[in-house]
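Peer 1: For reference, this is work_27.txt, and it has compact mmCIF, N, CA and C atoms.
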# COMPACT_ATOMS: atom_id res chain seq x y z
N MET A 1 0.84 -1.17 0.00
CA MET A 1 0.00 0.00 0.00
C MET A 1 0.89 1.24 0.00
N ILE A 2 0.46 2.23 -0.70
CA ILE A 2 1.23 3.46 -0.83
C ILE A 2 0.78 4.43 0.27
N PRO A 3 1.72 4.97 1.06
CA PRO A 3 1.34 5.90 2.12
C PRO A 3 0.71 7.17 1.54
N GLY A 4 -0.25 7.71 2.25
CA GLY A 4 -0.87 8.96 1.82
C GLY A 4 -2.07 8.75 0.93
N GLY A 5 -2.52 7.51 0.76
CA GLY A 5 -3.74 7.28 0.00
C GLY A 5 -3.50 7.02 -1.47
N ARG A 6 -4.48 7.38 -2.28
CA ARG A 6 -4.45 7.10 -3.72
C ARG A 6 -3.47 8.01 -4.43
N MET A 7 -2.94 7.49 -5.55
CA MET A 7 -1.99 8.24 -6.33
C MET A 7 -2.53 8.32 -7.76
N ASN A 8 -2.40 9.47 -8.38
CA ASN A 8 -2.91 9.55 -9.74
C ASN A 8 -1.95 8.84 -10.70
N PRO A 9 -2.42 8.44 -11.88
CA PRO A 9 -1.59 7.67 -12.81
C PRO A 9 -0.29 8.38 -13.21
N ARG A 10 -0.32 9.72 -13.35
CA ARG A 10 0.88 10.45 -13.72
C ARG A 10 1.95 10.33 -12.63
N GLN A 11 1.55 10.46 -11.37
CA GLN A 11 2.49 10.32 -10.26
C GLN A 11 3.04 8.90 -10.20
N MET A 12 2.19 7.93 -10.45
CA MET A 12 2.61 6.53 -10.43
C MET A 12 3.67 6.29 -11.50
N LYS A 13 3.46 6.82 -12.72
CA LYS A 13 4.45 6.67 -13.79
C LYS A 13 5.77 7.31 -13.42
N GLN A 14 5.73 8.48 -12.80
CA GLN A 14 6.95 9.17 -12.39
C GLN A 14 7.71 8.35 -11.34
N MET A 15 6.99 7.80 -10.38
CA MET A 15 7.63 7.00 -9.34
C MET A 15 8.26 5.75 -9.95
N MET A 16 7.56 5.09 -10.84
CA MET A 16 8.10 3.89 -11.49
C MET A 16 9.34 4.23 -12.30
N LYS A 17 9.34 5.37 -12.97
CA LYS A 17 10.50 5.78 -13.76
C LYS A 17 11.70 6.02 -12.85
N ARG A 18 11.49 6.65 -11.69
CA ARG A 18 12.58 6.87 -10.73
C ARG A 18 13.15 5.56 -10.22
N LEU A 19 12.30 4.53 -10.09
CA LEU A 19 12.74 3.22 -9.60
C LEU A 19 13.34 2.37 -10.71
N GLY A 20 13.32 2.87 -11.94
CA GLY A 20 13.89 2.12 -13.06
C GLY A 20 12.96 1.06 -13.61
N ILE A 21 11.67 1.26 -13.44
CA ILE A 21 10.67 0.30 -13.93
C ILE A 21 9.99 0.89 -15.15
N GLU A 22 10.03 0.15 -16.24
CA GLU A 22 9.36 0.58 -17.47
C GLU A 22 8.20 -0.37 -17.75
N GLN A 23 7.07 0.19 -18.17
CA GLN A 23 5.90 -0.62 -18.46
C GLN A 23 5.41 -0.33 -19.87
N GLU A 24 5.01 -1.39 -20.55
CA GLU A 24 4.54 -1.25 -21.93
C GLU A 24 3.28 -2.10 -22.11
N ASP A 25 2.24 -1.48 -22.66
CA ASP A 25 1.01 -2.21 -22.97
C ASP A 25 1.11 -2.69 -24.41
N LEU A 26 0.88 -3.96 -24.64
CA LEU A 26 1.03 -4.51 -25.98
C LEU A 26 -0.16 -4.25 -26.90
N GLY A 27 -1.19 -3.62 -26.41
CA GLY A 27 -2.33 -3.28 -27.26
C GLY A 27 -3.25 -4.46 -27.50
N GLU A 28 -3.74 -4.56 -28.71
CA GLU A 28 -4.70 -5.61 -29.04
C GLU A 28 -4.00 -6.94 -29.27
N VAL A 29 -4.14 -7.84 -28.30
CA VAL A 29 -3.55 -9.17 -28.39
C VAL A 29 -4.67 -10.14 -28.74
N GLU A 30 -4.48 -10.91 -29.80
CA GLU A 30 -5.52 -11.85 -30.23
C GLU A 30 -5.56 -13.10 -29.37
N GLU A 31 -4.37 -13.66 -29.06
CA GLU A 31 -4.36 -14.93 -28.33
C GLU A 31 -3.02 -15.13 -27.63
N VAL A 32 -3.08 -15.67 -26.41
CA VAL A 32 -1.90 -16.06 -25.66
C VAL A 32 -2.10 -17.52 -25.28
N VAL A 33 -1.08 -18.37 -25.56
CA VAL A 33 -1.17 -19.79 -25.24
C VAL A 33 -0.03 -20.15 -24.29
N ILE A 34 -0.38 -20.76 -23.17
CA ILE A 34 0.61 -21.26 -22.22
C ILE A 34 0.46 -22.77 -22.22
N ARG A 35 1.56 -23.47 -22.54
CA ARG A 35 1.52 -24.93 -22.61
C ARG A 35 2.31 -25.53 -21.45
N THR A 36 1.67 -26.44 -20.71
CA THR A 36 2.36 -27.22 -19.71
C THR A 36 2.48 -28.64 -20.28
N ALA A 37 3.00 -29.56 -19.50
CA ALA A 37 3.20 -30.92 -19.99
C ALA A 37 1.88 -31.57 -20.40
N GLU A 38 0.79 -31.24 -19.72
CA GLU A 38 -0.47 -31.92 -19.99
C GLU A 38 -1.61 -31.01 -20.41
N LYS A 39 -1.49 -29.69 -20.20
CA LYS A 39 -2.61 -28.79 -20.49
C LYS A 39 -2.17 -27.59 -21.31
N GLU A 40 -3.16 -26.94 -21.91
CA GLU A 40 -2.96 -25.66 -22.60
C GLU A 40 -3.91 -24.65 -21.99
N TYR A 41 -3.40 -23.46 -21.72
CA TYR A 41 -4.21 -22.36 -21.24
C TYR A 41 -4.26 -21.34 -22.38
N VAL A 42 -5.43 -21.13 -22.94
CA VAL A 42 -5.59 -20.24 -24.09
C VAL A 42 -6.36 -19.00 -23.65
N PHE A 43 -5.72 -17.84 -23.76
CA PHE A 43 -6.35 -16.56 -23.44
C PHE A 43 -6.68 -15.88 -24.76
N ARG A 44 -7.93 -15.62 -25.01
CA ARG A 44 -8.34 -14.90 -26.23
C ARG A 44 -8.66 -13.45 -25.84
N ASN A 45 -8.24 -12.52 -26.68
CA ASN A 45 -8.45 -11.09 -26.44
C ASN A 45 -7.98 -10.67 -25.05
N ALA A 46 -6.81 -11.11 -24.68
CA ALA A 46 -6.25 -10.81 -23.36
C ALA A 46 -5.56 -9.46 -23.36
N ALA A 47 -5.50 -8.86 -22.18
CA ALA A 47 -4.73 -7.63 -22.00
C ALA A 47 -3.33 -8.07 -21.55
N VAL A 48 -2.31 -7.65 -22.28
CA VAL A 48 -0.94 -8.07 -21.97
C VAL A 48 -0.08 -6.84 -21.74
N ASN A 49 0.64 -6.86 -20.61
CA ASN A 49 1.58 -5.80 -20.27
C ASN A 49 2.95 -6.41 -20.09
N ALA A 50 3.97 -5.69 -20.54
CA ALA A 50 5.35 -6.11 -20.33
C ALA A 50 6.01 -5.07 -19.44
N MET A 51 6.66 -5.52 -18.37
CA MET A 51 7.30 -4.61 -17.45
C MET A 51 8.77 -5.00 -17.33
N THR A 52 9.65 -4.01 -17.38
CA THR A 52 11.08 -4.25 -17.20
C THR A 52 11.50 -3.63 -15.88
N ALA A 53 12.04 -4.50 -15.00
CA ALA A 53 12.49 -4.04 -13.69
C ALA A 53 13.76 -4.80 -13.33
N GLN A 54 14.81 -4.08 -13.01
CA GLN A 54 16.09 -4.66 -12.62
C GLN A 54 16.61 -5.64 -13.66
N GLY A 55 16.44 -5.31 -14.92
CA GLY A 55 16.96 -6.14 -16.01
C GLY A 55 16.11 -7.35 -16.34
N GLN A 56 15.04 -7.57 -15.62
CA GLN A 56 14.15 -8.70 -15.87
C GLN A 56 12.90 -8.21 -16.59
N ARG A 57 12.43 -9.02 -17.54
CA ARG A 57 11.21 -8.70 -18.27
C ARG A 57 10.08 -9.52 -17.65
N ILE A 58 9.04 -8.85 -17.19
CA ILE A 58 7.90 -9.49 -16.54
C ILE A 58 6.68 -9.31 -17.43
N TRP A 59 5.99 -10.42 -17.70
CA TRP A 59 4.82 -10.40 -18.56
C TRP A 59 3.58 -10.62 -17.72
N GLN A 60 2.58 -9.77 -17.93
CA GLN A 60 1.33 -9.89 -17.20
C GLN A 60 0.22 -10.12 -18.21
N VAL A 61 -0.51 -11.24 -18.03
CA VAL A 61 -1.61 -11.59 -18.92
C VAL A 61 -2.89 -11.50 -18.11
N ILE A 62 -3.83 -10.68 -18.59
CA ILE A 62 -5.09 -10.49 -17.88
C ILE A 62 -6.21 -10.98 -18.77
N GLY A 63 -6.99 -11.92 -18.26
CA GLY A 63 -8.11 -12.47 -19.00
C GLY A 63 -8.51 -13.82 -18.44
N GLU A 64 -9.53 -14.40 -18.99
CA GLU A 64 -10.04 -15.69 -18.54
C GLU A 64 -9.59 -16.77 -19.53
N PRO A 65 -8.82 -17.77 -19.06
CA PRO A 65 -8.32 -18.78 -19.99
C PRO A 65 -9.34 -19.88 -20.28
N ILE A 66 -9.15 -20.48 -21.43
CA ILE A 66 -9.83 -21.73 -21.78
C ILE A 66 -8.79 -22.80 -21.50
N VAL A 67 -9.09 -23.71 -20.57
CA VAL A 67 -8.15 -24.76 -20.20
C VAL A 67 -8.55 -26.03 -20.92
N ARG A 68 -7.60 -26.62 -21.64
CA ARG A 68 -7.88 -27.86 -22.37
C ARG A 68 -6.67 -28.77 -22.31
N PRO A 69 -6.90 -30.09 -22.40
CA PRO A 69 -5.75 -31.01 -22.41
C PRO A 69 -4.97 -30.85 -23.70
N ARG A 70 -3.67 -31.06 -23.62
CA ARG A 70 -2.84 -30.97 -24.83
C ARG A 70 -3.16 -32.12 -25.75
N GLN A 71 -3.31 -31.84 -27.02
CA GLN A 71 -3.63 -32.87 -27.99
C GLN A 71 -2.45 -33.78 -28.24
N ASP A 72 -1.24 -33.25 -28.16
CA ASP A 72 -0.05 -34.06 -28.43
C ASP A 72 0.53 -34.68 -27.16
N ALA A 73 -0.11 -34.49 -26.00
CA ALA A 73 0.42 -35.04 -24.75
C ALA A 73 0.40 -36.56 -24.74
N ALA A 74 -0.60 -37.16 -25.36
CA ALA A 74 -0.69 -38.62 -25.38
C ALA A 74 0.37 -39.22 -26.29
N ARG A 75 0.79 -38.48 -27.30
CA ARG A 75 1.77 -39.00 -28.25
C ARG A 75 3.21 -38.86 -27.77
N LYS A 76 3.46 -37.97 -26.83
CA LYS A 76 4.83 -37.74 -26.38
C LYS A 76 5.51 -38.98 -25.81
N PRO A 77 4.86 -39.74 -24.91
CA PRO A 77 5.54 -40.94 -24.40
C PRO A 77 5.91 -41.92 -25.51
N GLU A 78 5.09 -42.01 -26.54
CA GLU A 78 5.40 -42.89 -27.66
C GLU A 78 6.71 -42.46 -28.34
N ALA A 79 6.86 -41.15 -28.52
CA ALA A 79 8.07 -40.65 -29.18
C ALA A 79 9.30 -40.90 -28.31
N GLU A 80 9.13 -40.79 -26.99
CA GLU A 80 10.26 -41.00 -26.09
C GLU A 80 10.65 -42.47 -26.03
N LYS A 81 9.68 -43.37 -26.17
CA LYS A 81 9.97 -44.80 -26.11
C LYS A 81 10.76 -45.27 -27.32
N ARG A 82 10.56 -44.62 -28.43
CA ARG A 82 11.25 -45.00 -29.66
C ARG A 82 12.67 -44.45 -29.64
N VAL A 83 13.59 -45.31 -29.27
CA VAL A 83 14.99 -44.91 -29.20
C VAL A 83 15.74 -45.63 -30.31
N GLU A 84 16.53 -44.89 -31.05
CA GLU A 84 17.34 -45.47 -32.12
C GLU A 84 18.51 -46.22 -31.49
N ILE A 85 18.55 -47.52 -31.72
CA ILE A 85 19.59 -48.35 -31.12
C ILE A 85 20.56 -48.79 -32.20
N PRO A 86 21.82 -48.34 -32.12
CA PRO A 86 22.82 -48.71 -33.12
C PRO A 86 23.15 -50.20 -33.04
N ASP A 87 23.47 -50.78 -34.19
CA ASP A 87 23.83 -52.20 -34.26
C ASP A 87 25.07 -52.50 -33.42
N GLU A 88 26.00 -51.53 -33.33
CA GLU A 88 27.21 -51.74 -32.52
C GLU A 88 26.84 -51.99 -31.05
N ASP A 89 25.84 -51.25 -30.55
CA ASP A 89 25.41 -51.44 -29.17
C ASP A 89 24.79 -52.81 -28.97
N VAL A 90 24.01 -53.25 -29.96
CA VAL A 90 23.37 -54.57 -29.88
C VAL A 90 24.45 -55.65 -29.82
N ARG A 91 25.45 -55.55 -30.69
CA ARG A 91 26.53 -56.54 -30.70
C ARG A 91 27.33 -56.51 -29.39
N LEU A 92 27.61 -55.32 -28.89
CA LEU A 92 28.36 -55.18 -27.63
C LEU A 92 27.62 -55.85 -26.48
N VAL A 93 26.32 -55.55 -26.35
CA VAL A 93 25.53 -56.11 -25.25
C VAL A 93 25.43 -57.63 -25.40
N ALA A 94 25.20 -58.10 -26.63
CA ALA A 94 25.10 -59.55 -26.86
C ALA A 94 26.40 -60.24 -26.48
N GLU A 95 27.54 -59.66 -26.86
CA GLU A 95 28.84 -60.26 -26.57
C GLU A 95 29.14 -60.26 -25.07
N LYS A 96 28.94 -59.12 -24.40
CA LYS A 96 29.28 -59.00 -22.98
C LYS A 96 28.35 -59.81 -22.09
N ALA A 97 27.06 -59.90 -22.47
CA ALA A 97 26.10 -60.62 -21.62
C ALA A 97 25.97 -62.08 -22.02
N GLY A 98 26.54 -62.44 -23.18
CA GLY A 98 26.48 -63.82 -23.63
C GLY A 98 25.08 -64.24 -24.06
N VAL A 99 24.37 -63.34 -24.76
CA VAL A 99 23.01 -63.64 -25.24
C VAL A 99 22.94 -63.39 -26.74
N SER A 100 21.80 -63.74 -27.33
CA SER A 100 21.62 -63.51 -28.77
C SER A 100 21.41 -62.01 -29.02
N GLU A 101 21.58 -61.61 -30.28
CA GLU A 101 21.39 -60.19 -30.63
C GLU A 101 19.94 -59.78 -30.44
N GLU A 102 19.02 -60.70 -30.66
CA GLU A 102 17.60 -60.40 -30.48
C GLU A 102 17.30 -60.08 -29.01
N GLU A 103 17.83 -60.90 -28.10
CA GLU A 103 17.65 -60.64 -26.66
C GLU A 103 18.33 -59.33 -26.26
N ALA A 104 19.51 -59.08 -26.83
CA ALA A 104 20.24 -57.85 -26.53
C ALA A 104 19.44 -56.63 -26.98
N ARG A 105 18.83 -56.69 -28.15
CA ARG A 105 18.03 -55.57 -28.67
C ARG A 105 16.83 -55.32 -27.76
N LYS A 106 16.15 -56.38 -27.32
CA LYS A 106 15.00 -56.23 -26.43
C LYS A 106 15.41 -55.59 -25.11
N ALA A 107 16.55 -56.01 -24.57
CA ALA A 107 17.05 -55.44 -23.33
C ALA A 107 17.40 -53.97 -23.50
N LEU A 108 18.01 -53.63 -24.63
CA LEU A 108 18.36 -52.22 -24.90
C LEU A 108 17.10 -51.37 -25.02
N GLU A 109 16.07 -51.89 -25.68
CA GLU A 109 14.82 -51.15 -25.81
C GLU A 109 14.19 -50.93 -24.44
N ALA A 110 14.24 -51.96 -23.59
CA ALA A 110 13.66 -51.84 -22.25
C ALA A 110 14.44 -50.84 -21.39
N CYS A 111 15.72 -50.69 -21.66
CA CYS A 111 16.58 -49.80 -20.87
C CYS A 111 16.76 -48.43 -21.52
N GLY A 112 15.99 -48.13 -22.54
CA GLY A 112 16.09 -46.82 -23.19
C GLY A 112 17.35 -46.62 -23.98
N GLY A 113 17.96 -47.73 -24.46
CA GLY A 113 19.15 -47.62 -25.30
C GLY A 113 20.46 -47.53 -24.52
N GLU A 114 20.43 -47.76 -23.21
CA GLU A 114 21.63 -47.69 -22.39
C GLU A 114 22.33 -49.05 -22.34
N PRO A 115 23.48 -49.21 -23.02
CA PRO A 115 24.15 -50.50 -23.07
C PRO A 115 24.56 -51.05 -21.70
N ALA A 116 25.13 -50.23 -20.84
CA ALA A 116 25.58 -50.70 -19.53
C ALA A 116 24.41 -51.25 -18.72
N GLU A 117 23.31 -50.53 -18.74
CA GLU A 117 22.13 -50.95 -18.00
C GLU A 117 21.57 -52.26 -18.56
N ALA A 118 21.57 -52.38 -19.89
CA ALA A 118 21.08 -53.60 -20.53
C ALA A 118 21.95 -54.80 -20.17
N ILE A 119 23.27 -54.62 -20.15
CA ILE A 119 24.20 -55.70 -19.79
C ILE A 119 23.94 -56.15 -18.35
N ILE A 120 23.82 -55.20 -17.46
CA ILE A 120 23.57 -55.53 -16.04
C ILE A 120 22.25 -56.28 -15.90
N GLN A 121 21.24 -55.81 -16.60
CA GLN A 121 19.92 -56.45 -16.52
C GLN A 121 20.00 -57.89 -17.03
N LEU A 122 20.67 -58.11 -18.15
CA LEU A 122 20.78 -59.46 -18.73
C LEU A 122 21.63 -60.38 -17.85
N MET A 123 22.67 -59.86 -17.25
CA MET A 123 23.56 -60.70 -16.45
C MET A 123 22.97 -61.02 -15.08
N SER A 124 22.02 -60.21 -14.62
CA SER A 124 21.44 -60.45 -13.30
C SER A 124 20.28 -61.45 -13.33
N ARG A 125 19.97 -62.01 -14.50
CA ARG A 125 18.89 -62.99 -14.60
C ARG A 125 19.32 -64.32 -14.06
Output the file's structure as structure tokens, nothing else.
Peer 2:
Amino acid sequence: MIPGGRMNPRQMKQMMKRLGIEQEDLGEVEEVVIRTAEKEYVFRNAAVNAMTAQGQRIWQVIGEPIVRPRQDAARKPEAEKRVEIPDEDVRLVAEKAGVSEEEARKALEACGGEPAEAIIQLMSR
């Protein structure tokens, strides 16, 4: 709270300028999208302000979001599971663990393509 009661906008701008704070209104913003791992927050016709204080840029979004699940969130784990496994790694794991290349490939896929982990897993059976 500011001592002495309300302050008019001109005085507020002067005080912010003395403190090294700059504020900019971005005007007519059509859409702002914030994506998290599982959701999207979509602000339509939002009021957006950018403030610079102490070298940091602060963004303020004012409006009511539409919250929806991400459409590509279900596909992401599939993409992460698909790891390109080089033939050299398959041969190395098969040789060190004393198993077939097919078993070595399955172990590498289960371990995310990590040869050392696949060897340990195969040898601990």
Peer 1: Mind giving me the straight-line distance from atom CA of A:Val32 to atom CA of A:Ala50 in Å, one decimal?
Peer 2: 13.4 Å
Peer 1: Would you mind writing down, as a ChimeraX atom specification, each residue of chain A that DSSP on the backbone assigns to alpha helix (DSSP H)?
Peer 2: /A:9-18,76-81,87-97,101-110,115-123
Peer 1: Show me, as a list in words, the residues that have an atom within 9 Å of A:Glu103 when counting only C-alpha atoms, minus same-chain residues fewer than 5 positions from it.
Peer 2: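 The residues that qualify are Val90, Ala94, Leu108 and Leu122 of chain A.
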Peer 1: List every residue of stretch 13-113 of chain A that DSSP, applied to the backbone, labels as strand (DSSP E or B), and write the result as a PyMOL selection string.
Peer 2: chain A and resi 22-25+31-35+39-44+47-53+56-62+65-69
Peer 1: Could you pull the residues within 6.5 Å of A:Phe43, counting only N, CA and C atoms, minus those fewer than 5 positions along the same chain, as a list in words?
Peer 2: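 Non-adjacent residues within range: Glu30, Glu31, Val32, Val33, Ile34, Gly63, Glu64, Pro65 and Ile66 of chain A.
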Peer 1: Within 6 Å of (13.5, -3.4, -10.6) (file coordinates; only N, CA and C atoms), which protein or nucleic acid residues are there? I'd like them as a compact mmCIF listing (two decimals) with N, CA and C atoms, in the frame of the given file.
Peer 2:
# COMPACT_ATOMS: atom_id res chain seq x y z
N LEU A 19 12.30 4.53 -10.09
CA LEU A 19 12.74 3.22 -9.60
C LEU A 19 13.34 2.37 -10.71
N GLY A 20 13.32 2.87 -11.94
CA GLY A 20 13.89 2.12 -13.06
C GLY A 20 12.96 1.06 -13.61
N ILE A 21 11.67 1.26 -13.44
CA ILE A 21 10.67 0.30 -13.93
C ILE A 21 9.99 0.89 -15.15
N THR A 52 9.65 -4.01 -17.38
CA THR A 52 11.08 -4.25 -17.20
C THR A 52 11.50 -3.63 -15.88
N ALA A 53 12.04 -4.50 -15.00
CA ALA A 53 12.49 -4.04 -13.69
C ALA A 53 13.76 -4.80 -13.33
N GLN A 54 14.81 -4.08 -13.01
CA GLN A 54 16.09 -4.66 -12.62
C GLN A 54 16.61 -5.64 -13.66
N GLY A 55 16.44 -5.31 -14.92
CA GLY A 55 16.96 -6.14 -16.01
C GLY A 55 16.11 -7.35 -16.34
Peer 1: Between A:Arg105, A:Ser124, A:Arg70, A:Glu22, which residue has the minimum interatomic distance to A:Arg35, considering all atoms listed in the file?
Peer 2: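 Among the listed residues, A:Arg70 lies closest to A:Arg35.
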Peer 1: Report, in Å to a single decimal, how far apart atom CA of A:Gly112 and atom CA of A:Val99 are.
Peer 2: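 These atoms are spaced 18.3 Å apart.
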Peer 1: For atom CA of A:Asp25 and atom CA of A:Ile62, quote the distance in Å rounded to one decimal.
Peer 2: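 Computing it gives 11.5 Å between the two atoms.
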Peer 1: Which residue is closest to A:Met51? Choose from A:Asp72, A:Glu38, A:Asp87, A:Glu24 and count only C-alpha atoms.
Peer 2: A:Glu24
Peer 1: Return as lines of an AutoDock Vina configuration file the centre and edge lengths, in Å with one decimal, of the box along x, y and z that encloses every atom of stretch 87-99 of chain A in the file, padded by 5 Å per side.
Peer 2:
center_x = 26.1
center_y = -57.5
center_z = -27.9
size_x = 16.3
size_y = 23.5
size_z = 22.6
Peer 1: Using only C-alpha atoms, which residues sit within 12 Å of A:Leu92 once same-chain residues fewer than 6 positions away are excluded, as a tab-separated table (two decimals) with N, CA and C atoms, keeping the file's coordinate frame?
Peer 2:
chain	number	residue	atom	x	y	z
A	85	ILE	N	18.55	-47.52	-31.72
A	85	ILE	CA	19.59	-48.35	-31.12
A	85	ILE	C	20.56	-48.79	-32.20
A	86	PRO	N	21.82	-48.34	-32.12
A	86	PRO	CA	22.82	-48.71	-33.12
A	86	PRO	C	23.15	-50.20	-33.04
A	98	GLY	N	26.54	-62.44	-23.18
A	98	GLY	CA	26.48	-63.82	-23.63
A	98	GLY	C	25.08	-64.24	-24.06
A	99	VAL	N	24.37	-63.34	-24.76
A	99	VAL	CA	23.01	-63.64	-25.24
A	99	VAL	C	22.94	-63.39	-26.74
A	100	SER	N	21.80	-63.74	-27.33
A	100	SER	CA	21.62	-63.51	-28.77
A	100	SER	C	21.41	-62.01	-29.02
A	101	GLU	N	21.58	-61.61	-30.28
A	101	GLU	CA	21.39	-60.19	-30.63
A	101	GLU	C	19.94	-59.78	-30.44
A	104	ALA	N	19.51	-59.08	-26.83
A	104	ALA	CA	20.24	-57.85	-26.53
A	104	ALA	C	19.44	-56.63	-26.98
A	105	ARG	N	18.83	-56.69	-28.15
A	105	ARG	CA	18.03	-55.57	-28.67
A	105	ARG	C	16.83	-55.32	-27.76
A	108	LEU	N	18.01	-53.63	-24.63
A	108	LEU	CA	18.36	-52.22	-24.90
A	108	LEU	C	17.10	-51.37	-25.02
A	114	GLU	N	20.43	-47.76	-23.21
A	114	GLU	CA	21.63	-47.69	-22.39
A	114	GLU	C	22.33	-49.05	-22.34
A	115	PRO	N	23.48	-49.21	-23.02
A	115	PRO	CA	24.15	-50.50	-23.07
A	115	PRO	C	24.56	-51.05	-21.70
A	116	ALA	N	25.13	-50.23	-20.84
A	116	ALA	CA	25.58	-50.70	-19.53
A	116	ALA	C	24.41	-51.25	-18.72
A	118	ALA	N	21.57	-52.38	-19.89
A	118	ALA	CA	21.08	-53.60	-20.53
A	118	ALA	C	21.95	-54.80	-20.17
A	119	ILE	N	23.27	-54.62	-20.15
A	119	ILE	CA	24.20	-55.70	-19.79
A	119	ILE	C	23.94	-56.15	-18.35
